[in-house]
Every structure is written in structure tokens, then in C-alpha cells.
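Visitor: First the structure, then my questions, so here it is.
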Amino acid sequence: MLDLVIEERRRDLGGFEVGRILPFAKRRMVGPFVFFDHMGPIDFPAGLPRSVDVRPHPHIGLSTVTYLFDGEIMHRDSVGSEQPIRPGEVNWMTAGRGITHSERFERARRGGGLTNWIQAWVALPTKDEETDPSFSHHGAADLPVQDDGAVWTRLVAGRAFGRAATAPTFSPLFYVHCVLKAGAKVALPAEYSERAAYIVSGSIEVDGQTFAAGRMVVFKPGPAWFTAPTPAAVMLLGGEPLGERFIEWSFVSSSKARIEQAKAYWRAGRIKLPDLDNAEFMPLPGDPAPPMGLDETPKGPPK
């Protein structure tokens, strides 16, 4: 039943640390999930500098899935969206042929406070990698919840446990926030060939082994379950594999040449910045300086 255990690797994003799970050398993806970062919990002070914000940056070939446990993040993107995300909500942004977005901690800047969230990237099927970019926000009331007294679940995306979420997915997948009382047991959806459980807090037991927070347990195909020796919060995820994907910086694609094209477009200022956040942006890693003046309006990529 147990296939692999991935332990988070701490990364400094310039003002706060994150725990990176995917991609991992021995397991690049779980179903279509190609990237998984746990950011927090972070107790931000009031007066947080803007340098901590995630400035405008581009994506191609994926959907980003942002889910909050605590705090608030302001999302702005190049399709005109401006949407705060709060606990129990999900932002689903499909990059397709190209999108830019920013994530800013504006509420924490005003008053400080705890912020705790996960951002996952879901690779798009090859036929959908160049789809039009889009954004959708789904409040807590839109996410199906079940509670049997021992296990509480909220379906964030996809299909699982006889329910379907409303986020616009492109391939078979599931993504579930699961909270367990001590002694509770959860069986993972059997209909998917690749499945994993990321431990947000507490601990779980699989095949007689106990795993603490900050680890992702990847399961073999077939019946799979875990128990909670302590109260625990877990994110369940998985789906069907899409084939090899290349990742460089914020770009994901089945083609290395397509990533090189996206890098060239970004350097040349040919990817449109967010409509409501276009005064600054992140240069490609290793580039000495932004390639355009902050008062210039970049042109969108050719179709």
C-alpha cells in the first residue's frame, strides 16, 4: 500500500520559507499534480514590506490551485481578476498559453497575523496546454463538505467520495481537505491510479508506520487507507498521469522548446502583466534587471 514518503524541503522565497514537496527526484508528479508547496504557518508582523509579496510573474501549461487555512491573500491577474482569497476558499487559475498574476499580503501588511496556505500546480493535458487563460474563485459554500463525526472532508477540486467540485478541471483528479479526530480512519478514492496524502498537522499511520506533518505519503495502486493516532489535518490528492512534463521556474510544458519560447517572451516584455498590478514584476532567475521600464506597458504574446 505504501509506495514512497516525501519529506518537505525548506525554501526561502525572499521574506518567508515554504515547504516544497513536489517535484521530487524520485517522484516528479502525483497524477497531474506537478508542484506542491506548503507556505506557512507564518505569523506576519504588521507593516510587512512589499518586498515579501509575490510580484507579477508568468505561467504556461498549468492550473494553479491556491487553498487557504489562515489569513488572506490578494490575487490579481492578466485576465482582469482581482480576488482576495480567505480560509476555506480556492482560487483556480488556468494559465494555458500564458497568464501573469501576483499574490500580495495586503491584509497582513495592515494588521499582521497568521497566514497558512498551500499552492499546487496541476499540469494540463497536452491538447489543452495552449488553452485560453482563465480564473475562477470558489468560496467555502461552493465546496462540498461531509462530516461523520470522526472525519470531516471538503472537496476542493475534482471528484471524490461521490461528490464533484465546481472548479474547471481538465483531467481526472481529486483534491480534498481532510480533518480527522484521533483514531479515525480514511480510505483513499480507489478509482484513481495515483494518490497521496500530505500531512498539514498532526500525524497519520500507514502500514504500521507513523508520519508527522510536512510529509507526503504516496500510495501504490489498489486499496489504500490511513489512520490518525492524533488529531490531524491532511490534503488528499491524485488522479491520472499525463506523461512527462518539464518545469523551469514558473513554466510547465510537455515541450522544452515551448518553455524556451515563454522565457524569451518574458524577457522581451511580450507577456501582458496583470491589469491592476503592472508597475513591477519578477525577472527570470539569473537576469540582472527587469528588461523594461516600470512605466512601460508590455504587449501580450502572439496567438
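Within each chain, counting starts at residue 1; across the C-alpha cells, chains are named A, B, ... in the order shown, with ligands numbered 1 upward in that order.
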Residues within 12 Å of A:Lys127, please, as a PyMOL selection string. Count only C-alpha atoms; anything in the same chain fewer than 3 positions from it doesn't count.
Guide: chain A and resi 61-62+96-97+123-124+130-131+170-171+242+253-254
Visitor: For the structure I just gave you, how does DSSP split stretch 190-270 of chain A - specifically, which residues are strand (DSSP E)? Reply as a PyMOL selection string.
Guide: chain A and resi 194-201+203-206+209-212+215-219+225-227+232-239+246-248+251-253
Visitor: How would the residues just chosen look if you wrote them out with N, CA and C atoms as a tab-separated table (two decimals), in the first residue's frame?
Guide:
```tsv
chain	number	residue	atom	x	y	z
A	194	GLU	N	-3.06	7.06	-9.17
A	194	GLU	CA	-2.02	7.71	-8.38
A	194	GLU	C	-2.67	8.56	-7.29
A	195	ARG	N	-2.22	8.34	-6.05
A	195	ARG	CA	-2.84	9.01	-4.90
A	195	ARG	C	-1.79	9.30	-3.83
A	196	ALA	N	-2.03	10.36	-3.07
A	196	ALA	CA	-1.11	10.73	-2.00
A	196	ALA	C	-1.86	11.47	-0.91
A	197	ALA	N	-1.25	11.55	0.26
A	197	ALA	CA	-1.78	12.31	1.39
A	197	ALA	C	-0.67	13.18	1.94
A	198	TYR	N	-0.89	14.49	1.97
A	198	TYR	CA	0.07	15.42	2.57
A	198	TYR	C	-0.42	15.79	3.97
A	199	ILE	N	0.47	15.65	4.96
A	199	ILE	CA	0.09	15.90	6.36
A	199	ILE	C	0.35	17.36	6.69
A	200	VAL	N	-0.72	18.11	6.90
A	200	VAL	CA	-0.62	19.53	7.24
A	200	VAL	C	-0.29	19.70	8.71
A	201	SER	N	-0.96	18.93	9.56
A	201	SER	CA	-0.71	18.97	11.01
A	201	SER	C	-1.06	17.63	11.61
A	203	SER	N	-0.47	13.76	12.82
A	203	SER	CA	0.25	12.62	12.28
A	203	SER	C	-0.74	11.59	11.76
A	204	ILE	N	-0.25	10.72	10.86
A	204	ILE	CA	-1.06	9.60	10.37
A	204	ILE	C	-0.22	8.33	10.41
A	205	GLU	N	-0.91	7.20	10.37
A	205	GLU	CA	-0.25	5.90	10.40
A	205	GLU	C	-0.62	5.12	9.14
A	206	VAL	N	0.40	4.62	8.45
A	206	VAL	CA	0.23	3.83	7.23
A	206	VAL	C	1.12	2.60	7.33
A	209	GLN	N	3.51	2.35	10.18
A	209	GLN	CA	4.49	3.42	10.36
A	209	GLN	C	3.76	4.74	10.58
A	210	THR	N	4.32	5.57	11.46
A	210	THR	CA	3.72	6.85	11.78
A	210	THR	C	4.50	7.97	11.12
A	211	PHE	N	3.79	8.91	10.49
A	211	PHE	CA	4.40	10.01	9.77
A	211	PHE	C	3.83	11.33	10.29
A	212	ALA	N	4.74	12.30	10.51
A	212	ALA	CA	4.36	13.59	11.08
A	212	ALA	C	4.13	14.62	9.99
A	215	ARG	N	5.10	15.87	5.58
A	215	ARG	CA	5.43	14.74	4.73
A	215	ARG	C	4.25	14.39	3.82
A	216	MET	N	4.59	13.93	2.63
A	216	MET	CA	3.59	13.42	1.70
A	216	MET	C	3.79	11.92	1.57
A	217	VAL	N	2.74	11.18	1.86
A	217	VAL	CA	2.76	9.72	1.73
A	217	VAL	C	2.12	9.37	0.40
A	218	VAL	N	2.87	8.69	-0.47
A	218	VAL	CA	2.38	8.28	-1.78
A	218	VAL	C	2.02	6.80	-1.71
A	219	PHE	N	0.84	6.46	-2.24
A	219	PHE	CA	0.32	5.10	-2.13
A	219	PHE	C	0.45	4.34	-3.44
A	225	TRP	N	-5.48	3.12	2.69
A	225	TRP	CA	-6.11	3.85	3.78
A	225	TRP	C	-5.05	4.26	4.79
A	226	PHE	N	-5.44	5.12	5.71
A	226	PHE	CA	-4.57	5.50	6.82
A	226	PHE	C	-5.43	5.81	8.02
A	227	THR	N	-4.80	5.80	9.19
A	227	THR	CA	-5.47	6.16	10.43
A	227	THR	C	-4.75	7.35	11.06
A	232	ALA	N	-5.54	15.22	13.20
A	232	ALA	CA	-4.70	15.53	12.04
A	232	ALA	C	-5.49	16.28	10.98
A	233	ALA	N	-4.77	17.09	10.21
A	233	ALA	CA	-5.30	17.71	9.01
A	233	ALA	C	-4.45	17.24	7.84
A	234	VAL	N	-5.11	16.80	6.78
A	234	VAL	CA	-4.42	16.16	5.67
A	234	VAL	C	-5.03	16.65	4.36
A	235	MET	N	-4.20	16.84	3.34
A	235	MET	CA	-4.68	17.10	1.99
A	235	MET	C	-4.52	15.83	1.17
A	236	LEU	N	-5.62	15.33	0.64
A	236	LEU	CA	-5.61	14.15	-0.22
A	236	LEU	C	-5.58	14.62	-1.67
A	237	LEU	N	-4.77	13.98	-2.49
A	237	LEU	CA	-4.65	14.42	-3.88
A	237	LEU	C	-4.26	13.27	-4.77
A	238	GLY	N	-4.55	13.42	-6.06
A	238	GLY	CA	-4.15	12.41	-7.02
A	238	GLY	C	-4.96	12.52	-8.29
A	239	GLY	N	-4.82	11.50	-9.12
A	239	GLY	CA	-5.51	11.48	-10.40
A	239	GLY	C	-4.80	10.56	-11.36
A	246	PHE	N	8.05	19.08	-18.32
A	246	PHE	CA	9.24	19.83	-17.98
A	246	PHE	C	8.82	21.05	-17.16
A	247	ILE	N	9.63	21.38	-16.16
A	247	ILE	CA	9.37	22.54	-15.31
A	247	ILE	C	10.62	23.40	-15.28
A	248	GLU	N	10.45	24.66	-15.57
A	248	GLU	CA	11.53	25.63	-15.38
A	248	GLU	C	10.93	26.91	-14.87
A	251	PHE	N	7.17	27.92	-15.40
A	251	PHE	CA	6.63	27.38	-16.64
A	251	PHE	C	6.57	25.85	-16.58
A	252	VAL	N	5.49	25.28	-17.09
A	252	VAL	CA	5.32	23.84	-17.19
A	252	VAL	C	4.87	23.52	-18.60
A	253	SER	N	5.48	22.51	-19.21
A	253	SER	CA	5.09	22.14	-20.57
A	253	SER	C	5.58	20.73	-20.89
```
Visitor: Name all residues at most 8 Å from A:Ala224 (count only C-alpha atoms; drop same-chain ones fewer than 5 positions away) and give them as JSON, numbers by chain.
Guide: {"A": [1, 187, 188, 190, 219]}
Visitor: Can you tell me, as a count of residues only, which residues in stretch 36-228 of chain A count as helix (DSSP H, G or I) by DSSP?
Guide: 15
Visitor: With only C-alpha atoms as the counted atoms, please give the residues lying no more than 12 Å from A:Arg11, apart from itself and same-chain residues fewer than 2 positions off, as JSON, numbers by chain.
Guide: {"A": [8, 9, 13, 14, 15, 16, 17, 18, 19, 20, 21, 37, 38, 39, 40]}
Visitor: Which residue gives the smallest distance to A:Pro283 among A:Pro125, A:Gly269, A:Gly112, A:Gly98, with only C-alpha atoms counted?
Guide: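 Among the listed residues, the smallest separation from A:Pro283 belongs to A:Gly269.
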Visitor: May I ask for the distance between atom CA of A:Glu103 and atom CA of A:Ile73, given in Å to one decimal place?
Guide: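 Going from atom CA of A:Glu103 over to atom CA of A:Ile73, I get 6.2 Å.
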Visitor: Find the distance between atom CA of A:Ile85 and atom CA of A:Gly31 and write it in Å to one decimal.
Guide: 25.6 Å
Visitor: Kindly indicate which residue among A:Gly243, A:Gly214, A:Gly113, A:Pro168 lies nearest to A:Phe36, using only C-alpha atoms for the distances.
Guide: A:Gly214
Visitor: For the atom pair atom CA of A:Ser134 and atom CA of A:Thr94, what is the interatomic distance in Å to one decimal place?
Guide: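 So the two atoms, atom CA of A:Ser134 and atom CA of A:Thr94, lie 5.2 Å apart.
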Visitor: I'd like the neighbourhood of A:Phe174 as a PyMOL selection string, where a residue qualifies if any of its atoms comes within 10 Å (using only C-alpha atoms), though same-chain residues fewer than 6 positions away should be ignored.
Guide: chain A and resi 31-33+155-161+164-165+189+192+195+236-240
Visitor: Using only C-alpha atoms, which residue out of A:Pro172, A:Glu260, A:Ala268, A:Ala213 lies closest to A:Ile6?
Guide: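 Once distances to A:Ile6 are computed over only C-alpha atoms, the minimum belongs to A:Ala213.
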Visitor: Quick one: residues within 6 Å of A:His138, only C-alpha atoms counted, chain neighbours fewer than 2 positions away excluded, as a list of chain:residue names?
Guide: A:Glu89, A:Val90, A:Asp142
